[in-house]
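Asker: So here's start_38.cif, just mmCIF, C-alpha atoms:
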data_input
loop_
_atom_site.label_atom_id
_atom_site.label_comp_id
_atom_site.auth_asym_id
_atom_site.auth_seq_id
_atom_site.Cartn_x
_atom_site.Cartn_y
_atom_site.Cartn_z
CA MET A 897 -30.08 17.88 3.85
CA SER A 898 -30.47 14.16 4.37
CA ASP A 899 -28.72 11.40 6.24
CA SER A 900 -26.32 9.70 3.82
CA SER A 901 -26.86 6.01 3.11
CA ALA A 902 -25.42 4.10 0.17
CA ALA A 903 -27.10 1.17 -1.49
CA LYS A 904 -25.01 -1.92 -2.14
CA PRO A 905 -24.08 -2.22 -5.82
CA PRO A 906 -25.76 -5.06 -7.71
CA GLU A 907 -23.94 -8.27 -8.61
CA TRP A 908 -23.20 -7.16 -12.17
CA TYR A 909 -21.14 -4.31 -10.71
CA ARG A 910 -18.67 -6.91 -9.43
CA TRP A 911 -18.09 -8.45 -12.82
CA GLN A 912 -14.55 -8.14 -14.08
CA ARG A 913 -14.11 -5.17 -16.36
CA SER A 914 -12.48 -7.51 -18.82
CA SER A 915 -15.97 -8.81 -19.57
CA ALA A 916 -16.78 -5.41 -21.10
CA LYS A 917 -15.67 -4.35 -24.54
CA TYR A 918 -16.02 -0.64 -23.84
CA ASP A 919 -15.13 0.87 -20.48
CA LEU A 920 -16.99 4.10 -19.75
CA PHE A 921 -16.73 3.42 -16.02
CA SER A 922 -13.03 4.00 -15.22
CA SER A 923 -12.51 7.65 -14.41
CA GLY A 924 -8.85 8.25 -15.22
CA VAL A 925 -7.54 9.87 -18.38
CA SER A 926 -6.02 7.51 -20.97
CA PRO A 927 -2.93 5.96 -19.29
CA ILE A 928 0.48 7.04 -20.50
CA SER A 929 3.52 4.81 -20.91
CA ILE A 930 7.07 5.60 -19.82
CA ALA A 931 8.02 5.88 -23.50
CA GLU A 932 5.22 8.40 -24.08
CA LEU A 933 6.24 10.34 -20.98
CA LEU A 934 9.78 10.60 -22.35
CA GLU A 935 8.42 11.64 -25.74
CA ILE A 936 6.53 14.63 -24.35
CA SER A 937 9.37 15.72 -22.05
CA GLU A 938 10.88 19.13 -22.79
CA ASN A 939 14.28 17.65 -21.87
CA LYS A 940 14.27 14.00 -22.85
CA GLN A 941 17.85 13.40 -21.78
CA VAL A 942 17.25 14.54 -18.20
CA SER A 943 13.95 12.63 -18.04
CA GLN A 944 15.73 9.47 -19.18
CA GLN A 945 18.26 9.94 -16.42
CA GLN A 946 15.56 10.44 -13.81
CA LEU A 947 13.68 7.33 -14.94
CA ALA A 948 16.71 5.08 -15.42
CA LEU A 949 15.75 2.21 -13.13
CA ASP A 950 19.22 0.69 -13.20
CA LYS A 951 20.43 3.78 -11.31
CA VAL A 952 17.75 3.68 -8.62
CA ARG A 953 18.77 2.67 -5.13
CA LEU A 954 15.88 0.78 -3.55
CA ASP A 955 16.52 2.08 -0.04
CA ASP A 956 14.14 3.75 2.38
CA ASP A 957 16.00 6.79 3.64
CA GLU A 958 13.56 9.49 2.55
CA SER A 959 11.76 11.83 4.93
CA PRO A 960 8.70 10.34 6.70
CA LEU A 961 6.73 12.79 4.54
CA GLY A 962 7.85 11.02 1.37
CA HIS A 963 10.02 11.57 -1.70
CA ALA A 964 11.52 15.08 -1.45
CA GLN A 965 11.57 15.95 -5.15
CA LEU A 966 8.02 14.73 -5.62
CA ARG A 967 6.87 16.94 -2.75
CA LYS A 968 8.75 19.91 -4.19
CA ASN A 969 7.10 19.38 -7.57
CA LEU A 970 3.69 19.21 -5.92
CA ALA A 971 4.36 22.34 -3.87
CA SER A 972 5.16 24.23 -7.05
CA LEU A 973 1.70 23.33 -8.42
CA TYR A 974 -0.01 24.86 -5.41
CA SER A 975 2.36 27.81 -5.18
CA ALA A 976 1.88 29.16 -8.70
CA ARG A 977 -0.11 32.06 -7.28
CA SER A 978 0.97 32.05 -3.65
CA ALA A 979 4.19 31.49 -1.74
CA GLY A 980 2.48 29.70 1.11
CA VAL A 981 2.84 26.01 0.17
CA THR A 982 6.18 24.24 0.60
CA HIS A 983 7.25 20.63 0.33
CA GLU A 984 7.09 20.48 4.15
CA ASN A 985 3.31 20.95 3.89
CA ILE A 986 2.89 17.73 1.86
CA LEU A 987 2.70 14.07 2.89
CA ILE A 988 2.96 11.39 0.19
CA THR A 989 0.47 8.51 0.43
CA ASN A 990 -0.44 5.33 -1.39
CA ALA A 991 -2.98 6.86 -3.84
CA ALA A 992 -6.05 9.04 -3.16
CA ALA A 993 -8.11 6.52 -1.19
CA SER A 994 -5.24 6.14 1.26
CA ALA A 995 -4.85 9.92 1.49
CA ASN A 996 -8.51 10.36 2.38
CA TYR A 997 -8.64 7.40 4.77
CA THR A 998 -5.48 8.53 6.54
CA THR A 999 -6.77 12.09 6.89
CA LEU A 1000 -10.21 11.11 8.15
CA SER A 1001 -8.78 8.58 10.60
CA ALA A 1002 -6.35 11.18 11.95
CA ILE A 1003 -8.84 13.96 12.63
CA LEU A 1004 -12.14 12.23 13.45
CA SER A 1005 -13.37 10.47 16.59
CA GLN A 1006 -16.61 8.71 17.42
CA GLY A 1007 -19.26 11.29 18.20
CA ASP A 1008 -17.98 13.76 15.62
CA HIS A 1009 -20.36 15.06 12.97
CA VAL A 1010 -19.27 15.40 9.33
CA ILE A 1011 -21.02 17.19 6.48
CA HIS A 1012 -20.08 16.09 2.98
CA GLN A 1013 -20.98 17.33 -0.47
CA HIS A 1014 -23.25 14.87 -2.25
CA PRO A 1015 -23.10 13.19 -4.68
CA ILE A 1016 -19.39 12.58 -4.28
CA ASP A 1017 -16.94 9.77 -5.06
CA ASN A 1018 -18.56 6.76 -3.39
CA VAL A 1019 -15.29 5.42 -1.98
CA LEU A 1020 -14.84 8.69 -0.10
CA SER A 1021 -18.40 8.72 1.24
CA ASP A 1022 -18.20 5.02 2.21
CA THR A 1023 -14.96 5.71 4.08
CA LEU A 1024 -16.75 8.32 6.17
CA LYS A 1025 -19.49 5.87 7.10
CA SER A 1026 -16.96 3.22 8.11
CA LEU A 1027 -15.41 5.42 10.80
CA GLY A 1028 -18.37 5.47 13.17
CA VAL A 1029 -19.07 9.21 12.89
CA GLU A 1030 -22.37 10.92 12.21
CA VAL A 1031 -22.60 11.85 8.54
CA THR A 1032 -24.91 14.32 6.81
CA ALA A 1033 -25.09 14.69 3.04
CA TRP A 1034 -24.97 18.25 1.73
CA GLU A 1035 -27.08 17.76 -1.36
CA ALA A 1036 -26.27 19.26 -4.74
CA LYS A 1037 -29.27 19.32 -7.07
CA PRO A 1038 -29.31 19.05 -10.86
CA ALA A 1039 -31.84 21.90 -10.96
CA LYS A 1040 -29.03 24.10 -9.58
CA LYS A 1041 -26.47 22.65 -11.99
CA TRP A 1042 -25.23 20.29 -9.27
CA GLN A 1043 -24.10 23.22 -7.11
CA ALA A 1044 -24.57 22.87 -3.35
CA ASP A 1045 -26.10 25.83 -1.49
CA VAL A 1046 -23.96 27.30 1.30
CA GLN A 1047 -27.13 28.14 3.26
CA ASP A 1048 -27.88 24.41 3.39
CA LEU A 1049 -24.40 23.90 4.82
CA LYS A 1050 -25.09 26.46 7.55
CA ASP A 1051 -28.40 24.79 8.38
CA ALA A 1052 -26.71 21.38 8.77
CA ILE A 1053 -24.06 22.44 11.28
CA LYS A 1054 -24.41 21.05 14.81
CA GLU A 1055 -22.45 21.52 18.02
CA THR A 1056 -20.59 18.30 17.21
CA THR A 1057 -19.74 19.23 13.60
CA LYS A 1058 -16.00 18.98 13.04
CA LEU A 1059 -15.44 18.57 9.31
CA VAL A 1060 -16.82 19.58 5.91
CA VAL A 1061 -15.83 17.40 2.95
CA ILE A 1062 -15.95 18.56 -0.67
CA GLN A 1063 -14.64 17.23 -3.97
CA SER A 1064 -13.71 19.65 -6.73
CA PRO A 1065 -13.78 18.76 -9.58
CA CYS A 1066 -16.50 16.34 -8.53
CA ASP A 1067 -16.91 12.71 -9.49
CA PRO A 1068 -19.64 12.02 -10.68
CA THR A 1069 -21.10 15.40 -11.72
CA GLY A 1070 -18.06 17.16 -13.22
CA THR A 1071 -18.88 20.38 -11.35
CA VAL A 1072 -16.40 22.55 -9.48
CA VAL A 1073 -16.63 24.61 -6.31
CA SER A 1074 -16.06 28.14 -7.62
CA LYS A 1075 -13.88 30.77 -6.00
CA SER A 1076 -16.87 32.66 -4.60
CA GLN A 1077 -18.38 29.45 -3.21
CA LEU A 1078 -15.05 28.56 -1.59
CA GLU A 1079 -14.93 32.02 -0.01
CA ASP A 1080 -18.43 31.61 1.42
CA MET A 1081 -17.68 28.10 2.66
CA ILE A 1082 -14.45 29.13 4.35
CA GLU A 1083 -16.19 32.06 6.02
CA VAL A 1084 -18.62 29.58 7.56
CA ALA A 1085 -15.80 27.20 8.56
CA GLN A 1086 -13.79 29.98 10.18
CA GLU A 1087 -16.77 31.18 12.18
CA LYS A 1088 -17.42 27.67 13.54
CA GLY A 1089 -13.80 26.47 13.72
CA LEU A 1090 -14.44 23.64 11.25
CA ILE A 1091 -11.87 21.72 9.23
CA ILE A 1092 -12.36 21.50 5.44
CA LEU A 1093 -11.18 18.45 3.51
CA ALA A 1094 -11.05 19.14 -0.24
CA ASP A 1095 -10.50 16.09 -2.44
CA GLU A 1096 -8.90 17.58 -5.56
CA SER A 1097 -8.10 14.27 -7.28
CA TYR A 1098 -9.34 15.56 -10.66
CA ARG A 1099 -7.63 18.94 -10.46
CA PRO A 1100 -6.54 20.60 -12.76
CA LEU A 1101 -8.63 19.02 -15.54
CA PHE A 1102 -10.59 22.21 -16.25
CA HIS A 1103 -11.59 21.38 -19.82
CA SER A 1104 -14.59 23.75 -19.89
CA LEU A 1105 -13.25 26.62 -17.78
CA SER A 1106 -10.60 29.25 -18.44
CA PRO A 1107 -8.06 30.44 -15.85
CA SER A 1108 -9.03 33.97 -16.90
CA ASP A 1109 -12.61 33.45 -15.66
CA GLU A 1110 -13.36 35.73 -12.72
CA ASP A 1111 -14.71 32.85 -10.62
CA PHE A 1112 -12.06 30.29 -11.67
CA PRO A 1113 -11.51 27.96 -8.69
CA PRO A 1114 -8.15 28.11 -6.92
CA SER A 1115 -7.01 25.17 -4.88
CA ALA A 1116 -8.71 25.26 -1.50
CA ILE A 1117 -5.30 25.29 0.19
CA ASN A 1118 -4.61 28.72 -1.30
CA MET A 1119 -7.67 30.38 0.24
CA GLY A 1120 -5.90 31.60 3.38
CA TYR A 1121 -7.53 29.24 5.89
CA ARG A 1122 -5.05 27.00 7.70
CA LYS A 1123 -7.63 24.36 8.61
CA VAL A 1124 -7.94 23.30 4.96
CA ILE A 1125 -6.65 19.86 3.99
CA VAL A 1126 -6.27 18.98 0.31
CA THR A 1127 -5.83 15.47 -1.09
CA GLY A 1128 -4.81 14.47 -4.58
CA THR A 1129 -3.46 11.69 -6.78
CA VAL A 1130 -1.62 11.09 -10.05
CA ASN A 1131 -4.15 8.40 -11.02
CA HIS A 1132 -6.77 10.56 -12.78
CA ALA A 1133 -5.66 13.93 -14.15
CA TYR A 1134 -2.08 12.78 -14.77
CA SER A 1135 -2.78 9.49 -16.60
CA LEU A 1136 -0.92 7.26 -14.14
CA PRO A 1137 -3.53 4.84 -12.73
CA GLY A 1138 -0.87 2.16 -12.27
CA VAL A 1139 1.29 4.46 -10.14
CA LYS A 1140 -0.07 4.33 -6.59
CA VAL A 1141 0.82 7.83 -5.43
CA GLY A 1142 -1.42 10.29 -3.66
CA TRP A 1143 -0.81 13.11 -1.21
CA ILE A 1144 -2.12 15.17 1.66
CA ALA A 1145 -1.38 18.92 1.69
CA CYS A 1146 -2.03 21.13 4.70
CA LYS A 1147 -0.47 24.32 6.09
CA ASN A 1148 -1.43 23.38 9.64
CA ALA A 1149 1.59 21.54 11.06
CA ASP A 1150 -0.39 19.83 13.81
CA ILE A 1151 -2.91 18.37 11.35
CA LEU A 1152 -0.21 17.18 8.96
CA GLU A 1153 1.77 15.62 11.80
CA ALA A 1154 -1.35 13.79 12.97
CA CYS A 1155 -1.83 12.47 9.42
CA GLN A 1156 1.81 11.33 9.27
CA ARG A 1157 1.51 9.49 12.61
CA THR A 1158 -1.72 7.85 11.47
CA GLN A 1159 -0.23 6.78 8.15
CA SER A 1160 2.68 5.11 9.93
CA ARG A 1161 0.17 2.98 11.86
CA ILE A 1162 -2.57 2.12 9.40
CA ALA A 1163 -1.42 2.66 5.82
CA SER A 1164 1.55 1.80 3.64
CA SER A 1165 3.55 4.38 1.74
CA PRO A 1166 4.05 4.12 -2.03
CA SER A 1167 7.10 2.34 -3.40
CA ARG A 1168 10.22 4.26 -4.34
CA LEU A 1169 9.61 3.36 -8.01
CA ASP A 1170 6.11 4.81 -7.91
CA GLU A 1171 7.43 8.02 -6.37
CA ILE A 1172 10.15 8.40 -9.00
CA VAL A 1173 7.72 8.05 -11.92
CA ALA A 1174 5.24 10.44 -10.31
CA ALA A 1175 7.98 12.99 -9.60
CA GLU A 1176 9.06 13.02 -13.23
CA ALA A 1177 5.50 13.27 -14.57
CA LEU A 1178 4.94 16.30 -12.33
CA SER A 1179 8.27 17.93 -13.16
CA ASP A 1180 8.52 21.12 -15.21
CA ARG A 1181 9.86 18.98 -18.04
CA CYS A 1182 6.69 16.91 -18.43
CA ILE A 1183 3.69 18.35 -16.65
CA HIS A 1184 2.73 21.08 -19.14
CA ALA A 1185 2.61 18.75 -22.14
CA LEU A 1186 0.92 16.03 -20.10
CA LEU A 1187 -1.88 18.29 -18.91
CA SER A 1188 -2.29 19.82 -22.37
CA ARG A 1189 -2.66 16.30 -23.80
CA ASN A 1190 -5.24 15.33 -21.22
CA ILE A 1191 -7.32 18.50 -21.37
CA ARG A 1192 -7.48 18.28 -25.19
CA LEU A 1193 -8.51 14.63 -24.94
CA CYS A 1194 -11.30 15.45 -22.47
CA GLN A 1195 -12.52 18.34 -24.62
CA THR A 1196 -12.65 16.14 -27.71
CA ASN A 1197 -14.42 13.30 -25.93
CA LEU A 1198 -16.84 15.65 -24.21
CA GLU A 1199 -17.94 16.96 -27.58
CA LEU A 1200 -18.58 13.37 -28.69
CA LEU A 1201 -20.70 12.87 -25.59
CA GLN A 1202 -22.51 16.14 -26.30
CA GLY A 1203 -23.32 14.80 -29.75
CA PHE A 1204 -24.74 11.61 -28.23
CA VAL A 1205 -26.93 13.64 -25.84
CA ASP A 1206 -28.13 15.89 -28.66
CA GLU A 1207 -28.96 12.91 -30.90
CA HIS A 1208 -30.95 11.26 -28.13
CA SER A 1209 -32.45 14.34 -26.48
CA TRP A 1210 -35.82 12.60 -26.58
CA ALA A 1211 -34.48 10.17 -23.95
CA VAL A 1212 -31.60 11.84 -22.12
CA SER A 1213 -30.69 15.16 -20.50
CA TRP A 1214 -27.68 16.39 -18.56
CA VAL A 1215 -25.81 19.23 -16.91
CA LYS A 1216 -22.67 19.46 -19.01
CA PRO A 1217 -19.60 18.99 -16.79
CA GLN A 1218 -17.09 21.80 -16.26
CA ALA A 1219 -14.07 19.71 -15.29
CA GLY A 1220 -12.86 16.21 -14.52
CA THR A 1221 -13.66 13.08 -16.49
CA THR A 1222 -17.23 12.17 -15.51
CA ALA A 1223 -20.77 13.30 -16.24
CA MET A 1224 -24.26 12.41 -15.04
CA LEU A 1225 -26.80 11.61 -17.76
CA LYS A 1226 -30.48 11.24 -16.88
CA PHE A 1227 -32.52 8.82 -18.98
CA HIS A 1228 -36.29 9.05 -19.04
CA LYS A 1229 -39.22 7.50 -20.85
CA MET A 1230 -42.78 8.87 -20.99
CA GLY A 1231 -41.89 11.41 -18.33
CA LYS A 1232 -40.53 8.81 -15.90
CA PRO A 1233 -36.91 7.96 -15.05
CA VAL A 1234 -35.74 4.63 -16.41
CA ASP A 1235 -34.48 1.82 -14.23
CA ASP A 1236 -30.80 2.82 -14.50
CA VAL A 1237 -29.56 -0.48 -13.03
CA ALA A 1238 -31.48 -2.54 -15.60
CA PHE A 1239 -30.43 -0.13 -18.35
CA CYS A 1240 -26.72 -0.40 -17.49
CA ALA A 1241 -26.97 -4.19 -17.18
CA ALA A 1242 -28.58 -4.38 -20.64
CA LEU A 1243 -25.89 -2.16 -22.13
CA LEU A 1244 -23.18 -4.37 -20.69
CA LYS A 1245 -24.86 -7.57 -21.89
CA ASN A 1246 -25.98 -6.43 -25.33
CA ALA A 1247 -23.31 -3.92 -26.35
CA GLY A 1248 -20.39 -4.54 -24.01
CA VAL A 1249 -20.58 -0.98 -22.66
CA PHE A 1250 -19.63 -0.77 -18.98
CA LEU A 1251 -21.27 2.15 -17.10
CA CYS A 1252 -22.21 3.10 -13.55
CA PRO A 1253 -25.90 3.28 -12.47
CA ALA A 1254 -26.15 6.20 -10.06
CA SER A 1255 -29.12 4.96 -8.02
CA ALA A 1256 -27.17 1.87 -6.91
CA THR A 1257 -23.95 3.76 -6.19
CA TYR A 1258 -24.60 7.15 -4.61
CA GLY A 1259 -27.27 6.32 -2.05
CA ASP A 1260 -30.94 7.35 -1.85
CA SER A 1261 -32.00 5.55 -5.02
CA GLN A 1262 -35.10 7.73 -5.30
CA SER A 1263 -32.98 10.85 -5.93
CA TYR A 1264 -30.77 9.26 -8.58
CA ARG A 1265 -33.24 7.08 -10.44
CA GLY A 1266 -32.54 7.20 -14.15
CA TYR A 1267 -29.05 8.67 -13.77
CA VAL A 1268 -26.03 7.03 -15.36
CA ARG A 1269 -22.48 8.12 -14.58
CA VAL A 1270 -20.34 8.20 -17.71
CA ALA A 1271 -16.54 8.47 -17.73
CA PHE A 1272 -15.02 9.99 -20.87
CA GLY A 1273 -11.27 9.97 -20.25
CA ALA A 1274 -10.49 6.95 -22.43
CA PRO A 1275 -8.76 7.25 -25.83
CA THR A 1276 -11.01 9.05 -28.31
CA SER A 1277 -11.25 6.03 -30.60
CA HIS A 1278 -12.51 3.97 -27.65
CA VAL A 1279 -15.10 6.58 -26.62
CA LYS A 1280 -16.29 6.94 -30.22
CA ALA A 1281 -16.72 3.18 -30.59
CA ALA A 1282 -18.45 2.92 -27.21
CA LEU A 1283 -20.97 5.62 -28.10
CA ALA A 1284 -21.65 3.94 -31.44
CA ALA A 1285 -22.37 0.67 -29.64
CA TRP A 1286 -24.56 2.52 -27.13
CA THR A 1287 -26.47 4.18 -29.99
CA SER A 1288 -27.24 0.79 -31.51
CA VAL A 1289 -28.86 -0.31 -28.24
CA MET A 1290 -30.96 2.87 -28.14
CA GLU A 1291 -32.91 1.46 -31.09
CA ASP A 1292 -34.49 -0.93 -28.56
CA TYR A 1293 -34.98 1.73 -25.89
CA GLU A 1294 -38.68 0.95 -25.56
CA SER A 1295 -37.77 -2.30 -23.82
CA VAL A 1296 -35.98 -0.47 -21.01
CA PRO A 1297 -38.21 -0.51 -17.88
CA THR A 1298 -38.97 2.67 -15.97
CA ALA A 1299 -37.89 2.90 -12.35
CA SER A 1300 -41.43 2.42 -11.09
CA GLN A 1301 -41.51 -0.98 -12.82
CA ARG A 1302 -38.43 -2.32 -10.96
#
Could I get this structure in the form of structure tokens?
Answerer:
Amino acid sequence: MSDSSAAKPPEWYRWQRSSAKYDLFSSGVSPISIAELLEISENKQVSQQQLALDKVRLDDDESPLGHAQLRKNLASLYSARSAGVTHENILITNAAASANYTTLSAILSQGDHVIHQHPIDNVLSDTLKSLGVEVTAWEAKPAKKWQADVQDLKDAIKETTKLVVIQSPCDPTGTVVSKSQLEDMIEVAQEKGLIILADESYRPLFHSLSPSDEDFPPSAINMGYRKVIVTGTVNHAYSLPGVKVGWIACKNADILEACQRTQSRIASSPSRLDEIVAAEALSDRCIHALLSRNIRLCQTNLELLQGFVDEHSWAVSWVKPQAGTTAMLKFHKMGKPVDDVAFCAALLKNAGVFLCPASATYGDSQSYRGYVRVAFGAPTSHVKAALAAWTSVMEDYESVPTASQR
């Protein structure tokens, strides 16, 4: 375990993405248009009616929890294998960052101690640090296939520990918290009375796992522990990055009510139009084809990335991701990690490939030296072209400095 501290990203990180020709940074799956959503619908006529904007009344008379049909559609996702989640257990928010910020603000106070899986989405970890609580990183190591050890979690618990934060599937590693790991974690949480926040923003993009697998991960909310809070969004797995809809799901009425009160004070709710589009995308008419499209796309692109790793195995290694849209690649030279910041800057300048250097993003630069986070949810033609451009730069790999030369 280590105290979590994030380095500030370098100036190039702030460049507009429009300066890049190939975006392997953005973590959503290839965005879908309204026309494409209608095309994949199993009942196009009904979908057209639901999305007919000239029929929409732009009022604000919904429940404080958010759009009722959207919440019902979400509840059906969680209730596929259990009858315990209803639309009354779900609060609609303005995307995933708002869901996490609202939740953390509602349940944490100064003096509380939080343990979070690491590495994890840097916006989520930065949010924790901004709230004035004590934060400990629960480290996942590549030598263990980026899986965090539950014994390390037990060792990190203090008298002031209130919350454990996980992300599954995980950005950046693409790993999942398996069913058996969830069981062990919840046993620890129950014993100590801890709350678990599970960011499931990339669920259910399980491109390398089968639902028939014995250890296939259920949603944390379906594990029988009422102090579990789950957050999600339509931005990543559902190809709607321009629709600012997220959610908080929890079976504990007191926790959900606290989140609703907090949201009314500090965060805006999504627009009615956003909610309507999200509700239709998650309806029985559209969701099966949409997820099938996105899982196939990730599988295809992941194989392209596997080919890149195999071709350049003299310079790069990885733990192949199980789910989600991101992977961590480690680049080395003469047995030393490369300077990942300089490497990513050179790729952007010389090939127009926009990537994320892990040592400047996930804290403790020593641990993540040489690691590059790659997102592979873009259209296959884009990923293929990006990898070709990246390959051309690898011809000059000898000029890339090692981390010790920074």
Asker: Go through A:Glu1079, A:Glu1294, A:Glu1096, A:Glu1030 one by one, measure the shortest atom-to-atom distance of each to Ala1133 in chain A using all atoms listed in the file, and give the residue with the smallest value.
Answerer: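 Ranking A:Glu1079, A:Glu1294, A:Glu1096, A:Glu1030 by distance to Ala1133 in chain A, first place goes to A:Glu1096.
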Asker: To verify the selection step, state as a PyMOL selection string which residues the PyMOL selection byres ((chain A and resi 1033) around 12) yields on this input.
Answerer: chain A and resi 897-902+1009-1016+1021-1022+1024-1025+1030-1032+1034-1037+1044+1048-1049+1051-1053+1060-1062+1258-1260
Asker: Which residue out of A:Ser923, A:Glu1110, A:Ser1064, A:Ile1117 has the minimum interatomic distance to Ile1082 in chain A when all atoms listed in the file are used?
Answerer: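 Looking only at the distances to Ile1082 in chain A, the closest residue turns out to be A:Ile1117.
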Asker: Expand the PyMOL selection byres ((chain A and resi 1003) around 12) into the explicit residue set it covers here, and present it as a ChimeraX atom specification.
Answerer: /A:996-1002,1004-1006,1008-1010,1024,1027,1029,1058-1060,1090-1093,1123,1125,1150-1158
Asker: At a cut-off of 12 Å, using all atoms listed in the file, what residues contact Leu954 in chain A? Leave out same-chain residues fewer than 2 positions from it and give the result as a count of residues only.
Answerer: 13
Asker: Can you spell out as JSON, numbers by chain the set of residues that the PyMOL selection byres ((chain A and resi 1137-1143) around 7) selects in the structure I just provided?
Answerer: {"A": [924, 927, 986, 987, 988, 989, 990, 991, 992, 995, 1127, 1128, 1129, 1130, 1131, 1132, 1135, 1136, 1144, 1145, 1166, 1170, 1171]}
Asker: Rank A:Leu920, A:Ala1163, A:Leu966, A:Val1072 by their smallest atom-to-atom distance to Leu1201 in chain A, using only C-alpha atoms, and report the top residue only.
Answerer: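 Among A:Leu920, A:Ala1163, A:Leu966, A:Val1072, it is A:Leu920 that comes nearest to Leu1201 in chain A.
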Asker: Would you mind listing what lies within 12 Å of Gln1218 in chain A as a ChimeraX atom specification, with all atoms listed in the file counted and same-chain residues fewer than 5 positions away left out?
Answerer: /A:1041-1043,1064-1074,1098-1106,1112-1113,1191,1194-1195,1198,1223-1224
Asker: Rounded to one decimal in Å, what is the spacing between CA of Val1084 in chain A and CA of Val1046 in chain A?
Answerer: 8.5 Å
Asker: For Trp1210 in chain A, please output as a PyMOL selection string all residues within 10 Å (counting only C-alpha atoms; exclusion window: fewer than 4 positions along the same chain).
Answerer: chain A and resi 1205-1206+1227-1230
Asker: Would you export the selected residues with C-alpha atoms as a tab-separated table (two decimals), in the frame of the given file, please?
Answerer:
chain	number	residue	atom	x	y	z
A	1205	VAL	CA	-26.93	13.64	-25.84
A	1206	ASP	CA	-28.13	15.89	-28.66
A	1227	PHE	CA	-32.52	8.82	-18.98
A	1228	HIS	CA	-36.29	9.05	-19.04
A	1229	LYS	CA	-39.22	7.50	-20.85
A	1230	MET	CA	-42.78	8.87	-20.99
Asker: Could you tell me how far CA of Lys1040 in chain A lies from CA of Gln1262 in chain A, in Å and to one decimal?
Answerer: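 Those two atoms sit 18.0 Å apart.
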Asker: What is the CA of Cys1240 in chain A-CA of Thr1298 in chain A distance in Å, reported with one decimal?
Answerer: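 Between these atoms lies a distance of 12.7 Å.
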Asker: Given the choices A:Ala948, A:Gly1220, A:Val1279, A:Lys1050, which gets closest to Gln1063 in chain A if the distance is worked out from all atoms listed in the file?
Answerer: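 Using all atoms listed in the file, Gln1063 in chain A sits closest to A:Gly1220.
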Asker: Need the shell around Asn1197 in chain A: protein/DNA/RNA residues with any atom at most 9 Å away, counting only C-alpha atoms. Skip same-chain ones fewer than 3 positions apart. Format as a PDB file with C-alpha atoms, keeping the file's coordinate frame?
Answerer:
ATOM      1  CA  ARG A1192      -7.480  18.280 -25.190  1.00  0.00           C
ATOM      2  CA  LEU A1193      -8.510  14.630 -24.940  1.00  0.00           C
ATOM      3  CA  CYS A1194     -11.300  15.450 -22.470  1.00  0.00           C
ATOM      4  CA  LEU A1200     -18.580  13.370 -28.690  1.00  0.00           C
ATOM      5  CA  LEU A1201     -20.700  12.870 -25.590  1.00  0.00           C
ATOM      6  CA  GLN A1202     -22.510  16.140 -26.300  1.00  0.00           C
ATOM      7  CA  PHE A1272     -15.020   9.990 -20.870  1.00  0.00           C
ATOM      8  CA  GLY A1273     -11.270   9.970 -20.250  1.00  0.00           C
ATOM      9  CA  ALA A1274     -10.490   6.950 -22.430  1.00  0.00           C
ATOM     10  CA  PRO A1275      -8.760   7.250 -25.830  1.00  0.00           C
ATOM     11  CA  THR A1276     -11.010   9.050 -28.310  1.00  0.00           C
ATOM     12  CA  VAL A1279     -15.100   6.580 -26.620  1.00  0.00           C
ATOM     13  CA  LYS A1280     -16.290   6.940 -30.220  1.00  0.00           C
TER      14      LYS A1280
END
Asker: Excluding Thr982 in chain A and any residue of its chain fewer than 3 positions from it, enumerate the residues within 9 Å of it, using only C-alpha atoms, and give them as a PyMOL selection string.
Answerer: chain A and resi 967-968+970-972+974-975+979+985-986+1147
